[in-house]
Structure formats: structure tokens, C-alpha cells
$ cat coords_26.cif   # mmCIF, C-alpha atoms and all ligand atoms
data_input
loop_
_atom_site.group_PDB
_atom_site.id
_atom_site.type_symbol
_atom_site.label_atom_id
_atom_site.label_comp_id
_atom_site.auth_asym_id
_atom_site.auth_seq_id
_atom_site.Cartn_x
_atom_site.Cartn_y
_atom_site.Cartn_z
ATOM 1 C CA MET K 1 38.730 11.317 15.327
ATOM 2 C CA GLN K 2 39.055 11.637 11.563
ATOM 3 C CA LYS K 3 35.390 10.705 11.189
ATOM 4 C CA ILE K 4 34.315 13.428 13.624
ATOM 5 C CA LYS K 5 36.445 15.980 11.755
ATOM 6 C CA THR K 6 34.785 15.233 8.439
ATOM 7 C CA THR K 7 31.331 15.348 9.970
ATOM 8 C CA MET K 8 32.187 18.715 11.576
ATOM 9 C CA SER K 9 33.464 20.167 8.305
ATOM 10 C CA LYS K 10 30.393 18.938 6.500
ATOM 11 C CA MET K 11 28.176 20.592 9.132
ATOM 12 C CA ILE K 12 30.051 23.873 8.794
ATOM 13 C CA HIS K 13 29.755 23.639 5.052
ATOM 14 C CA THR K 14 26.048 22.962 5.222
ATOM 15 C CA GLN K 15 25.624 25.819 7.693
ATOM 16 C CA GLU K 16 27.321 28.164 5.245
ATOM 17 C CA LEU K 17 24.833 26.989 2.716
ATOM 18 C CA ALA K 18 21.744 27.431 4.831
ATOM 19 C CA LEU K 19 19.017 29.616 3.385
ATOM 20 C CA ASN K 20 18.835 33.096 4.869
ATOM 21 C CA SER K 21 16.288 35.870 4.582
ATOM 22 C CA ASP K 22 17.724 36.961 1.219
ATOM 23 C CA ASP K 23 16.720 33.620 -0.187
ATOM 24 C CA TYR K 24 13.043 34.309 0.358
ATOM 25 C CA CYS K 25 10.919 36.609 -1.739
ATOM 26 C CA PRO K 26 9.621 39.542 0.316
ATOM 27 C CA LYS K 27 6.471 39.627 -1.805
ATOM 28 C CA CYS K 28 5.228 36.045 -2.056
ATOM 29 C CA LYS K 29 7.459 34.666 0.736
ATOM 30 C CA GLY K 30 8.445 31.846 -1.599
ATOM 31 C CA LYS K 31 11.948 30.433 -1.873
ATOM 32 C CA LYS K 32 14.296 32.136 -4.320
ATOM 33 C CA SER K 33 17.082 29.614 -3.705
ATOM 34 C CA MET K 34 17.397 26.014 -2.745
ATOM 35 C CA ILE K 35 20.186 23.721 -1.661
ATOM 36 C CA ILE K 36 20.755 20.643 -3.739
ATOM 37 C CA ASN K 37 23.204 17.797 -3.749
ATOM 38 C CA ILE K 38 25.283 17.733 -6.895
ATOM 39 C CA LEU K 39 27.502 14.626 -6.960
ATOM 40 C CA GLY K 40 27.993 14.731 -3.223
ATOM 41 C CA ASN K 41 28.508 18.503 -3.036
ATOM 42 C CA MET K 42 25.817 20.684 -1.579
ATOM 43 C CA LYS K 43 25.160 23.725 -3.739
ATOM 44 C CA LYS K 44 22.833 26.673 -3.404
ATOM 45 C CA VAL K 45 21.018 27.302 -6.661
ATOM 46 C CA PRO K 46 18.524 29.986 -7.637
ATOM 47 C CA VAL K 47 14.893 29.041 -8.172
ATOM 48 C CA LEU K 48 11.895 31.070 -9.253
ATOM 49 C CA CYS K 49 9.493 32.101 -6.546
ATOM 50 C CA LYS K 50 5.759 32.254 -7.297
ATOM 51 C CA CYS K 51 5.744 35.842 -8.518
ATOM 52 C CA GLU K 52 8.838 35.309 -10.642
ATOM 53 C CA LYS K 53 7.216 32.230 -12.187
ATOM 54 C CA GLU K 54 4.133 34.258 -12.982
ATOM 55 C CA GLU K 55 6.226 37.047 -14.502
ATOM 56 C CA TYR K 56 8.165 34.505 -16.557
ATOM 57 C CA GLU K 57 4.933 32.963 -17.844
ATOM 58 C CA ARG K 58 3.492 36.400 -18.653
ATOM 59 C CA GLN K 59 6.627 37.277 -20.622
ATOM 60 C CA ARG K 60 6.566 33.922 -22.414
ATOM 61 C CA ILE K 61 2.960 34.436 -23.569
ATOM 62 C CA LEU K 62 3.800 37.980 -24.645
ATOM 63 C CA ASP K 63 6.763 36.757 -26.682
ATOM 64 C CA GLU K 64 4.698 33.956 -28.146
ATOM 65 C CA ASN K 65 1.975 36.390 -29.222
ATOM 66 C CA LYS K 66 4.565 38.729 -30.682
ATOM 67 C CA GLU K 67 6.042 35.810 -32.610
ATOM 68 C CA LYS K 68 2.578 34.809 -33.851
ATOM 69 C CA LEU K 69 1.794 38.347 -34.961
ATOM 70 C CA TYR K 70 5.115 38.623 -36.718
ATOM 71 C CA LYS K 71 4.536 35.303 -38.427
ATOM 72 C CA LEU K 72 1.075 36.402 -39.502
ATOM 73 C CA GLN K 73 2.421 39.661 -40.883
ATOM 74 C CA ARG K 74 5.058 37.810 -42.872
ATOM 75 C CA LEU K 75 2.507 35.301 -44.093
ATOM 76 C CA ARG K 76 0.283 38.137 -45.254
ATOM 77 C CA GLU K 77 3.161 39.807 -47.033
ATOM 78 C CA HIS K 78 4.021 36.513 -48.645
ATOM 79 C CA SER K 79 0.445 35.911 -49.649
ATOM 80 C CA LEU K 80 1.299 38.361 -52.439
ATOM 81 C CA MET K 81 -2.058 40.089 -52.395
ATOM 82 C CA ASP K 82 -2.922 43.772 -52.261
ATOM 83 C CA GLU K 83 -4.786 45.837 -49.674
ATOM 84 C CA ASN K 84 -8.212 44.930 -51.034
ATOM 85 C CA PHE K 85 -7.528 41.281 -50.308
ATOM 86 C CA LYS K 86 -7.475 41.899 -46.538
ATOM 87 C CA ASN K 87 -11.083 43.080 -46.603
ATOM 88 C CA CYS K 88 -12.381 39.934 -48.262
ATOM 89 C CA THR K 89 -13.427 38.056 -45.143
ATOM 90 C CA PHE K 90 -16.363 35.928 -44.064
ATOM 91 C CA GLU K 91 -16.969 38.592 -41.408
ATOM 92 C CA ASN K 92 -17.472 41.235 -44.129
ATOM 93 C CA TRP K 93 -19.524 38.868 -46.294
ATOM 94 C CA LYS K 94 -22.645 40.445 -47.767
ATOM 95 C CA SER K 95 -25.250 37.721 -48.097
ATOM 96 C CA ASP K 96 -27.866 37.448 -50.766
ATOM 97 C CA LYS K 97 -29.985 34.576 -52.032
ATOM 98 C CA GLU K 98 -27.361 33.637 -54.586
ATOM 99 C CA ASN K 99 -24.311 33.330 -52.418
ATOM 100 C CA GLU K 100 -25.616 31.580 -49.303
ATOM 101 C CA LYS K 101 -24.301 28.205 -50.468
ATOM 102 C CA MET K 102 -20.910 29.640 -51.334
ATOM 103 C CA TYR K 103 -20.560 31.028 -47.838
ATOM 104 C CA LYS K 104 -21.401 27.704 -46.226
ATOM 105 C CA MET K 105 -19.098 25.820 -48.534
ATOM 106 C CA GLY K 106 -16.201 28.186 -47.875
ATOM 107 C CA GLU K 107 -16.621 28.068 -44.118
ATOM 108 C CA LYS K 108 -16.916 24.282 -44.074
ATOM 109 C CA TYR K 109 -13.786 24.012 -46.166
ATOM 110 C CA CYS K 110 -11.869 26.090 -43.612
ATOM 111 C CA ASN K 111 -13.337 24.253 -40.629
ATOM 112 C CA ARG K 112 -12.297 20.944 -42.130
ATOM 113 C CA TRP K 113 -8.979 22.246 -43.405
ATOM 114 C CA GLN K 114 -6.843 19.436 -41.925
ATOM 115 C CA GLU K 115 -8.912 16.854 -43.769
ATOM 116 C CA MET K 116 -9.017 18.942 -46.970
ATOM 117 C CA LYS K 117 -5.254 19.306 -46.872
ATOM 118 C CA LYS K 118 -4.741 15.598 -46.346
ATOM 119 C CA LYS K 119 -7.013 14.758 -49.254
ATOM 120 C CA ASN K 120 -5.399 17.438 -51.416
ATOM 121 C CA MET K 121 -8.813 18.952 -51.998
ATOM 122 C CA GLY K 122 -9.208 22.173 -53.938
ATOM 123 C CA PHE K 123 -11.799 23.801 -56.227
ATOM 124 C CA THR K 124 -12.092 25.380 -59.608
ATOM 125 C CA PHE K 125 -14.663 28.125 -59.098
ATOM 126 C CA TRP K 126 -15.983 28.965 -62.538
ATOM 127 C CA GLY K 127 -18.765 31.210 -63.731
ATOM 128 C CA PRO K 128 -19.502 34.642 -65.141
ATOM 129 C CA PRO K 129 -17.521 37.661 -63.946
ATOM 130 C CA GLY K 130 -18.580 39.504 -60.821
ATOM 131 C CA THR K 131 -20.284 36.568 -59.091
ATOM 132 C CA GLY K 132 -17.884 36.616 -56.148
ATOM 133 C CA LYS K 133 -15.492 33.786 -57.023
ATOM 134 C CA SER K 134 -12.409 35.776 -56.128
ATOM 135 C CA TYR K 135 -14.117 37.142 -53.033
ATOM 136 C CA LEU K 136 -14.937 33.638 -51.799
ATOM 137 C CA SER K 137 -11.409 32.379 -52.439
ATOM 138 C CA PHE K 138 -9.895 35.316 -50.587
ATOM 139 C CA CYS K 139 -12.259 34.738 -47.638
ATOM 140 C CA ILE K 140 -10.899 31.198 -47.446
ATOM 141 C CA ALA K 141 -7.339 32.535 -47.685
ATOM 142 C CA ASN K 142 -7.841 35.079 -44.912
ATOM 143 C CA ARG K 143 -9.592 32.617 -42.611
ATOM 144 C CA LEU K 144 -6.778 30.084 -42.984
ATOM 145 C CA LEU K 145 -4.074 32.727 -42.630
ATOM 146 C CA GLN K 146 -5.659 33.609 -39.298
ATOM 147 C CA SER K 147 -4.807 30.098 -38.114
ATOM 148 C CA TYR K 148 -1.267 30.477 -39.469
ATOM 149 C CA VAL K 149 -1.810 28.276 -42.484
ATOM 150 C CA PRO K 150 0.557 29.542 -45.182
ATOM 151 C CA VAL K 151 -1.612 30.572 -48.116
ATOM 152 C CA ILE K 152 -0.461 32.229 -51.294
ATOM 153 C CA ALA K 153 -3.143 33.941 -53.321
ATOM 154 C CA ILE K 154 -2.071 35.482 -56.578
ATOM 155 C CA SER K 155 -3.580 36.432 -59.887
ATOM 156 C CA THR K 156 -2.473 34.246 -62.758
ATOM 157 C CA ILE K 157 -1.320 37.333 -64.645
ATOM 158 C CA GLY K 158 0.609 38.389 -61.525
ATOM 159 C CA ILE K 159 2.584 35.174 -61.247
ATOM 160 C CA ILE K 160 3.363 35.095 -64.958
ATOM 161 C CA ASN K 161 4.621 38.685 -64.818
ATOM 162 C CA ARG K 162 6.741 37.844 -61.805
ATOM 163 C CA ILE K 163 8.309 34.976 -63.659
ATOM 164 C CA TYR K 164 8.944 37.135 -66.736
ATOM 165 C CA ASP K 165 10.567 39.778 -64.524
ATOM 166 C CA SER K 166 12.790 37.169 -62.942
ATOM 167 C CA TYR K 167 14.019 35.986 -66.368
ATOM 168 C CA LYS K 168 15.586 39.395 -66.841
ATOM 169 C CA ARG K 169 17.522 39.050 -63.615
ATOM 170 C CA TYR K 170 18.148 35.354 -63.129
ATOM 171 C CA GLY K 171 17.357 33.681 -66.422
ATOM 172 C CA GLN K 172 15.606 30.331 -66.320
ATOM 173 C CA SER K 173 16.562 29.758 -62.667
ATOM 174 C CA GLY K 174 14.192 32.595 -61.715
ATOM 175 C CA GLU K 175 11.206 30.578 -62.849
ATOM 176 C CA VAL K 176 12.360 27.533 -60.942
ATOM 177 C CA ALA K 177 12.873 29.621 -57.794
ATOM 178 C CA ILE K 178 9.423 31.230 -58.003
ATOM 179 C CA ILE K 179 7.627 27.961 -58.641
ATOM 180 C CA HIS K 180 9.662 26.426 -55.837
ATOM 181 C CA SER K 181 8.664 29.233 -53.456
ATOM 182 C CA LEU K 182 5.008 28.343 -54.054
ATOM 183 C CA LYS K 183 5.801 25.019 -52.394
ATOM 184 C CA ASN K 184 5.873 26.832 -49.062
ATOM 185 C CA ALA K 185 2.171 27.484 -49.357
ATOM 186 C CA SER K 186 -0.117 24.809 -47.947
ATOM 187 C CA LEU K 187 -2.818 26.302 -50.142
ATOM 188 C CA LEU K 188 -2.284 28.117 -53.421
ATOM 189 C CA ILE K 189 -5.011 30.316 -54.838
ATOM 190 C CA LEU K 190 -4.598 31.090 -58.500
ATOM 191 C CA ASP K 191 -7.035 33.860 -59.285
ATOM 192 C CA ASP K 192 -8.466 34.533 -62.709
ATOM 193 C CA LEU K 193 -6.970 31.668 -64.631
ATOM 194 C CA GLY K 194 -7.594 32.117 -68.335
ATOM 195 C CA ALA K 195 -7.305 35.899 -68.248
ATOM 196 C CA GLU K 196 -3.595 35.709 -69.032
ATOM 197 C CA TYR K 197 -2.246 36.492 -72.429
ATOM 198 C CA THR K 198 -0.948 33.465 -74.303
ATOM 199 C CA SER K 199 1.754 33.860 -76.876
ATOM 200 C CA LYS K 200 2.127 31.682 -79.925
ATOM 201 C CA LEU K 201 5.091 29.949 -78.326
ATOM 202 C CA GLY K 202 2.854 28.939 -75.450
ATOM 203 C CA LYS K 203 5.350 29.903 -72.732
ATOM 204 C CA GLU K 204 2.500 31.042 -70.430
ATOM 205 C CA LYS K 205 0.732 27.709 -70.787
ATOM 206 C CA GLN K 206 3.928 25.945 -69.896
ATOM 207 C CA ILE K 207 4.328 28.083 -66.751
ATOM 208 C CA ILE K 208 0.771 27.258 -65.670
ATOM 209 C CA TYR K 209 1.393 23.590 -66.286
ATOM 210 C CA SER K 210 4.602 23.718 -64.218
ATOM 211 C CA ILE K 211 2.761 25.371 -61.321
ATOM 212 C CA LEU K 212 -0.123 22.893 -61.341
ATOM 213 C CA ASP K 213 2.164 19.927 -61.861
ATOM 214 C CA ALA K 214 4.304 20.974 -58.876
ATOM 215 C CA ARG K 215 1.176 21.189 -56.685
ATOM 216 C CA TYR K 216 0.076 17.797 -57.937
ATOM 217 C CA ARG K 217 3.405 16.174 -57.202
ATOM 218 C CA ASP K 218 3.655 17.804 -53.753
ATOM 219 C CA LYS K 219 0.081 16.695 -53.031
ATOM 220 C CA LYS K 220 -0.856 20.236 -52.054
ATOM 221 C CA PRO K 221 -4.228 21.776 -52.832
ATOM 222 C CA VAL K 222 -4.973 24.642 -55.155
ATOM 223 C CA ILE K 223 -8.061 26.808 -55.573
ATOM 224 C CA ILE K 224 -8.654 28.309 -58.998
ATOM 225 C CA THR K 225 -11.054 30.988 -60.095
ATOM 226 C CA THR K 226 -11.929 31.561 -63.717
ATOM 227 C CA ASN K 227 -14.439 33.588 -65.673
ATOM 228 C CA LEU K 228 -14.305 31.058 -68.491
ATOM 229 C CA ASN K 229 -16.651 28.123 -68.765
ATOM 230 C CA LEU K 230 -15.058 24.683 -68.665
ATOM 231 C CA LYS K 231 -14.993 24.260 -72.428
ATOM 232 C CA GLN K 232 -13.312 27.638 -72.877
ATOM 233 C CA LEU K 233 -10.848 26.895 -70.089
ATOM 234 C CA LYS K 234 -9.946 23.568 -71.647
ATOM 235 C CA GLU K 235 -9.292 25.259 -74.984
ATOM 236 C CA LYS K 236 -7.313 28.043 -73.378
ATOM 237 C CA LEU K 237 -5.032 25.621 -71.559
ATOM 238 C CA ARG K 238 -4.632 23.194 -74.446
ATOM 239 C CA GLY K 239 -0.989 22.599 -75.348
ATOM 240 C CA ASN K 240 0.440 23.428 -78.745
ATOM 241 C CA ASP K 241 0.549 19.663 -79.307
ATOM 242 C CA CYS K 242 -3.266 19.600 -78.820
ATOM 243 C CA VAL K 243 -3.011 17.586 -75.590
ATOM 244 C CA ASP K 244 -5.158 18.651 -72.614
ATOM 245 C CA ARG K 245 -2.615 17.704 -69.961
ATOM 246 C CA THR K 246 -2.963 20.964 -67.981
ATOM 247 C CA TYR K 247 -6.758 20.865 -67.952
ATOM 248 C CA ASP K 248 -6.795 17.180 -66.993
ATOM 249 C CA ARG K 249 -4.379 17.800 -64.132
ATOM 250 C CA LEU K 250 -6.380 20.814 -63.018
ATOM 251 C CA ILE K 251 -9.695 18.965 -62.865
ATOM 252 C CA GLU K 252 -8.104 16.234 -60.797
ATOM 253 C CA LEU K 253 -6.520 18.708 -58.389
ATOM 254 C CA ALA K 254 -9.394 21.139 -58.186
ATOM 255 C CA PRO K 255 -12.831 19.769 -59.097
ATOM 256 C CA PRO K 256 -15.045 22.349 -60.816
ATOM 257 C CA VAL K 257 -17.749 24.189 -58.883
ATOM 258 C CA GLU K 258 -20.057 26.366 -60.914
ATOM 259 C CA ILE K 259 -20.770 29.756 -59.393
ATOM 260 C CA LYS K 260 -24.006 31.089 -60.781
ATOM 261 C CA GLY K 261 -25.685 34.405 -60.208
ATOM 262 C CA THR K 262 -25.646 37.991 -61.251
ATOM 263 C CA SER K 263 -22.697 40.311 -61.100
ATOM 264 C CA LYS K 264 -22.112 41.792 -57.652
ATOM 265 C CA ARG K 265 -20.164 44.568 -59.322
ATOM 266 C CA VAL K 266 -23.490 46.241 -60.141
ATOM 267 C CA ALA K 267 -24.394 46.284 -56.443
ATOM 268 C CA VAL K 268 -20.936 47.533 -55.486
ATOM 269 C CA GLY K 269 -21.277 50.232 -58.164
ATOM 270 C CA LYS K 270 -24.723 51.244 -56.870
ATOM 271 C CA GLU K 271 -23.388 51.498 -53.325
ATOM 272 C CA LYS K 272 -20.583 53.753 -54.524
ATOM 273 C CA THR K 273 -23.067 55.928 -56.438
ATOM 274 C CA GLN K 274 -25.052 56.235 -53.199
ATOM 275 C CA ILE K 275 -21.910 57.298 -51.306
ATOM 276 C CA LEU K 276 -21.061 59.741 -54.058
ATOM 277 C CA LYS K 277 -24.563 61.236 -53.860
ATOM 278 C CA SER K 278 -24.233 61.676 -50.092
ATOM 279 C CA LEU K 279 -20.976 63.548 -50.672
ATOM 280 C CA LEU K 280 -22.356 65.948 -53.236
HETATM 281 N N1 LIG K 301 -20.053 37.942 -50.544
HETATM 282 C C1 LIG K 301 -19.620 39.164 -50.843
HETATM 283 N N2 LIG K 301 -19.617 40.121 -49.901
HETATM 284 C C2 LIG K 301 -19.192 41.356 -50.203
HETATM 285 N N3 LIG K 301 -18.738 41.738 -51.404
HETATM 286 C C3 LIG K 301 -18.706 40.822 -52.390
HETATM 287 C C4 LIG K 301 -19.144 39.500 -52.167
HETATM 288 N N4 LIG K 301 -19.020 38.797 -53.317
HETATM 289 C C5 LIG K 301 -18.518 39.660 -54.215
HETATM 290 N N5 LIG K 301 -18.333 40.882 -53.672
HETATM 291 C C6 LIG K 301 -17.804 42.062 -54.377
HETATM 292 O O1 LIG K 301 -18.349 42.047 -55.693
HETATM 293 C C7 LIG K 301 -17.369 42.357 -56.659
HETATM 294 C C8 LIG K 301 -17.174 41.195 -57.621
HETATM 295 O O2 LIG K 301 -16.709 40.045 -56.931
HETATM 296 P P1 LIG K 301 -15.477 39.155 -57.427
HETATM 297 O O3 LIG K 301 -15.147 38.223 -56.358
HETATM 298 O O4 LIG K 301 -14.395 40.038 -57.926
HETATM 299 O O5 LIG K 301 -16.140 38.400 -58.652
HETATM 300 P P2 LIG K 301 -15.495 37.335 -59.649
HETATM 301 O O6 LIG K 301 -14.188 36.923 -59.126
HETATM 302 O O7 LIG K 301 -16.494 36.221 -59.689
HETATM 303 O O8 LIG K 301 -15.408 38.024 -60.969
HETATM 304 C C9 LIG K 301 -16.109 42.707 -55.915
HETATM 305 O O9 LIG K 301 -16.045 44.087 -55.732
HETATM 306 C C10 LIG K 301 -16.304 41.996 -54.577
HETATM 307 O O10 LIG K 301 -15.576 42.634 -53.562
HETATM 308 MG MG MG K 302 -12.278 37.249 -60.057
HETATM 309 ZN ZN ZN K 303 7.899 36.164 -5.147
#
$ encode --input "coords_26.cif" --output "C-alpha cells" --more "lines below"
Ligand SMILES: Nc1ncnc2c1ncn2[C@@H]1O[C@H](COP(=O)(O)OP(=O)(O)O)[C@@H](O)[C@H]1O
Ligand SMILES: [Mg+2]
Ligand SMILES: [Zn+2]
Amino acid sequence: MQKIKTTMSKMIHTQELALNSDDYCPKCKGKKSMIINILGNMKKVPVLCKCEKEEYERQRILDENKEKLYKLQRLREHSLMDENFKNCTFENWKSDKENEKMYKMGEKYCNRWQEMKKKNMGFTFWGPPGTGKSYLSFCIANRLLQSYVPVIAISTIGIINRIYDSYKRYGQSGEVAIIHSLKNASLLILDDLGAEYTSKLGKEKQIIYSILDARYRDKKPVIITTNLNLKQLKEKLRGNDCVDRTYDRLIELAPPVEIKGTSKRVAVGKEKTQILKSLL
């Protein structure tokens, strides 16, 4: 008798739990609930029908894209560069006979970024002003940023000024914090090395050494551009004790690549004159 009673109560319970028309989606006819056994108790739990699943997935992709865009925006802001930087892209690249190799080299570097990163591979682009060294470096930066690689591109004068500004507010710890923040970048681009002013005390040289040494120790690549030739760069970076430790470190981190050619600034100037003429 007792056994029958329990069976009856179980049946009633299960009946109460049966799926009814509300548990089916009117649109896709899929189940919106299901009955499951949780530790011996039957429970009705909600499930996603086909259209709800699709809506969920759509929302997830939307959120993911939003997140990516947000990340990209923040990365760009953190890349420390100005408006002009955004326009330096391989897509906007103006080819001529002189810069064909540079283009190929830059694109290959980006395509093989994982390997380059692993091998801590960078460059020192050196050569006369206006040959497109900064442009090439910024193309690399923008291409990598597009794949969410954190890149910081900054002029050497810019970073030194930032550090000097931070002394006023935070003292020595400001320098440490700024150099530390560069660690977040998988690739650091230091534009126009050698154009910075160097005081007799050699504080600027010491800052540059600290930056390069930190990259070296973190095994993270750096790309340098400079308008100096290698001999001039070596002299410029030489310590007050006449030791070339910064230059030696630099060459190991970022092997030199000579960028030859004529100044593109002339062409840019000519184009602007043309535009000006069309306006007058
Ligand atoms: N491949 C290129 N496509 C379009 N513009 C370029 C290219 N290379 C250089 N330029 C333009 O020529 C000028 C000089 O280039 P830049 O990269 O500043 O030279 P560098 O750093 O060698 O002194 C800049 O205005 C730059 O935008
Ligand atoms: Mg430059
Ligand atoms: Zn549905």
C-alpha cells in the first residue's frame, strides 16, 4: 500500500511538472523549458529555444566587437601618437622605386609578428631625413594595432619631456612609472633617436639607456628611427664615462637597416603646392 502511495504521489508530481504550451516557443516551436532530475527531484528548468540561442549569439558577437573596438581605441590612445600617425598605413603607402623594399620588409615583419616577437627582433632604421623611416615604423605600428598588439610609438623627445614633466609631480618615481608603463607594449617604437637635447649631466642619455635596457631585459622588441648615421649615433649615445653601453645594447636589440633615398618631404611639399594652386 505504502509503495503504491509513493508511486501515485510521484506521478502527480511529475504531472505537475509536465511541459505545457507555455514551455514551447511560438516562433521556432522549440522547447523553452525542460524537466531534469536533480538529486532525485524532478525540476523544470528554463532552456534557450533556437531563436533565443541565435539572439544570444548575436548579442555575444556584438558585445565582443564592442569590446574589441574599445580595446583598439584605448590601445591607440596609449600608443601616444598624434592624429597624423593614424594616416601612416600600408594602405596609404605611396610607392616609388626607392621604397619598394621598405614596404615589403614592413609587411613581412607584421605577417611574421609572432616569430619576430619571440626572437625579440627589432630594427634601427637609419638614414637621411625625409626618407620615410618614421612613416614605415608607423605603418608597422598601425598594422599591428589592428590585430590588437599593444604598440607604443613615441618620439624620443616626447618620452624625455614626459619624464621631465613627471619629475615635477612625482620626483624620481615618475621616471620609473613611465619606463614601467612601456613594458605593457609588445613593441616599442622610439622615433627620431638622436634628435633629443643632451645636457652636460647626461640625464637624457641615462633615460634612453634605462628604456633600452628595460626592453632588453624583458626580451621585448624595439624599432628605432634616426636621422644620424651609425657613427654619429654611437657618439651621441656615448656615456660620460666614454663607454658605448647604450649603442651596444641598441645594436643587439635592433639591428641597423640603412634607409637610402631622397627626401619625400619635397614630394609632399610639391603636392601641397599643387593643392594650393588649385585653391587659388
Ligand atoms: N611610403 C610613403 N607613403 C606616403 N607618404 C610617405 C611615405 N614615406 C614618407 N612619406 C611622407 O614623407 C614625409 C617624410 O617621411 P618621414 O617618415 O617623416 O621621414 P623620416 O622619418 O625618414 O625623416 C612625411 O610627410 C611622410 O608622411
Ligand atoms: Mg622621422
Ligand atoms: Zn524560439
$ residues_near_ligand --input "coords_26.cif" --ligand "ligand MG 302 (chain K)" --cutoff "9 Å" --atoms "all atoms listed in the file" --output "NGL selection string"
:K and (129-135 or 155 or 191-193 or 225-227)
$ write_last_selection --input "coords_26.cif" --atoms "C-alpha atoms" --output "tab-separated table (two decimals), in the frame of the given file"
chain	number	residue	atom	x	y	z
K	129	PRO	CA	-17.52	37.66	-63.95
K	130	GLY	CA	-18.58	39.50	-60.82
K	131	THR	CA	-20.28	36.57	-59.09
K	132	GLY	CA	-17.88	36.62	-56.15
K	133	LYS	CA	-15.49	33.79	-57.02
K	134	SER	CA	-12.41	35.78	-56.13
K	135	TYR	CA	-14.12	37.14	-53.03
K	155	SER	CA	-3.58	36.43	-59.89
K	191	ASP	CA	-7.04	33.86	-59.28
K	192	ASP	CA	-8.47	34.53	-62.71
K	193	LEU	CA	-6.97	31.67	-64.63
K	225	THR	CA	-11.05	30.99	-60.10
K	226	THR	CA	-11.93	31.56	-63.72
K	227	ASN	CA	-14.44	33.59	-65.67
$ resolve_selection --input "coords_26.cif" --expression "the PyMOL selection byres (((chain K and resi 202) around 12) and not hetatm)" --output "VMD selection string"
chain K and resid 196 to 201 203 to 209 236 to 242
$ resolve_selection --input "coords_26.cif" --expression "the PyMOL selection byres (((not hetatm)) within 9 of (chain K and resi 303))" --output "list in words"
Tyr24, Cys25, Pro26, Lys27, Cys28, Lys29, Gly30, Lys31, Lys32, Leu48, Cys49, Lys50, Cys51, Glu52, Lys53 and Glu54 of chain K
$ write_last_selection --input "coords_26.cif" --atoms "C-alpha atoms" --output "CSV table (one decimal), in the frame of the given file"
chain,number,residue,atom,x,y,z
K,24,TYR,CA,13.0,34.3,0.4
K,25,CYS,CA,10.9,36.6,-1.7
K,26,PRO,CA,9.6,39.5,0.3
K,27,LYS,CA,6.5,39.6,-1.8
K,28,CYS,CA,5.2,36.0,-2.1
K,29,LYS,CA,7.5,34.7,0.7
K,30,GLY,CA,8.4,31.8,-1.6
K,31,LYS,CA,11.9,30.4,-1.9
K,32,LYS,CA,14.3,32.1,-4.3
K,48,LEU,CA,11.9,31.1,-9.3
K,49,CYS,CA,9.5,32.1,-6.5
K,50,LYS,CA,5.8,32.3,-7.3
K,51,CYS,CA,5.7,35.8,-8.5
K,52,GLU,CA,8.8,35.3,-10.6
K,53,LYS,CA,7.2,32.2,-12.2
K,54,GLU,CA,4.1,34.3,-13.0
$ residues_near_ligand --input "coords_26.cif" --ligand "ligand LIG 301 (chain K)" --cutoff "9 Å" --atoms "only C-alpha atoms and all ligand atoms" --output "number ranges by chain"
K: 84-85, 87-90, 92-96, 99-100, 102-103, 125-139, 191-192, 225-227, 259, 263-269
$ atom_distance --input "coords_26.cif" --atom1 "atom CA of Leu276 of chain K" --atom2 "atom CA of Glu98 of chain K"
26.9 Å
$ resolve_selection --input "coords_26.cif" --expression "the PyMOL selection byres (((chain K and resi 213) around 12) and not hetatm)" --output "short mmCIF file (atom, residue, chain, number, x, y, z; two decimals) with C-alpha atoms, keeping the file's coordinate frame"
data_model
loop_
_atom_site.label_atom_id
_atom_site.label_comp_id
_atom_site.auth_asym_id
_atom_site.auth_seq_id
_atom_site.Cartn_x
_atom_site.Cartn_y
_atom_site.Cartn_z
CA ILE K 179 7.63 27.96 -58.64
CA HIS K 180 9.66 26.43 -55.84
CA LEU K 182 5.01 28.34 -54.05
CA LYS K 183 5.80 25.02 -52.39
CA LYS K 205 0.73 27.71 -70.79
CA GLN K 206 3.93 25.94 -69.90
CA ILE K 207 4.33 28.08 -66.75
CA ILE K 208 0.77 27.26 -65.67
CA TYR K 209 1.39 23.59 -66.29
CA SER K 210 4.60 23.72 -64.22
CA ILE K 211 2.76 25.37 -61.32
CA LEU K 212 -0.12 22.89 -61.34
CA ALA K 214 4.30 20.97 -58.88
CA ARG K 215 1.18 21.19 -56.68
CA TYR K 216 0.08 17.80 -57.94
CA ARG K 217 3.40 16.17 -57.20
CA ASP K 218 3.66 17.80 -53.75
CA LYS K 219 0.08 16.70 -53.03
CA LYS K 220 -0.86 20.24 -52.05
CA PRO K 221 -4.23 21.78 -52.83
CA VAL K 222 -4.97 24.64 -55.16
CA ARG K 245 -2.62 17.70 -69.96
CA THR K 246 -2.96 20.96 -67.98
CA TYR K 247 -6.76 20.86 -67.95
CA ASP K 248 -6.80 17.18 -66.99
CA ARG K 249 -4.38 17.80 -64.13
CA LEU K 250 -6.38 20.81 -63.02
CA ILE K 251 -9.70 18.96 -62.86
CA GLU K 252 -8.10 16.23 -60.80
CA LEU K 253 -6.52 18.71 -58.39
#
$ closest_residue --input "coords_26.cif" --among "K:Pro46, K:Pro255, K:Gly106, K:Gly171" --to "Asp22 of chain K" --atoms "only C-alpha atoms"
K:Pro46
$ residues_around --input "coords_26.cif" --residues "Arg74 of chain K" --least-positions-apart "6" --cutoff "12 Å" --atoms "only C-alpha atoms" --output "list in words"
Glu67, Lys68, Leu80, Leu145, Tyr148, Val149, Pro150, Val151 and Ile152 of chain K
$ closest_residue --input "coords_26.cif" --among "K:Lys104, K:Lys118, K:Arg162, K:Lys231" --to "Gly194 of chain K" --atoms "only C-alpha atoms"
K:Lys231
$ closest_residue --input "coords_26.cif" --among "K:Ala18, K:Leu69, K:Asn229, K:Glu83" --to "Met42 of chain K" --atoms "only C-alpha atoms"
K:Ala18
$ atom_distance --input "coords_26.cif" --atom1 "atom CA of Thr156 of chain K" --atom2 "atom CA of Ala195 of chain K"
7.5 Å
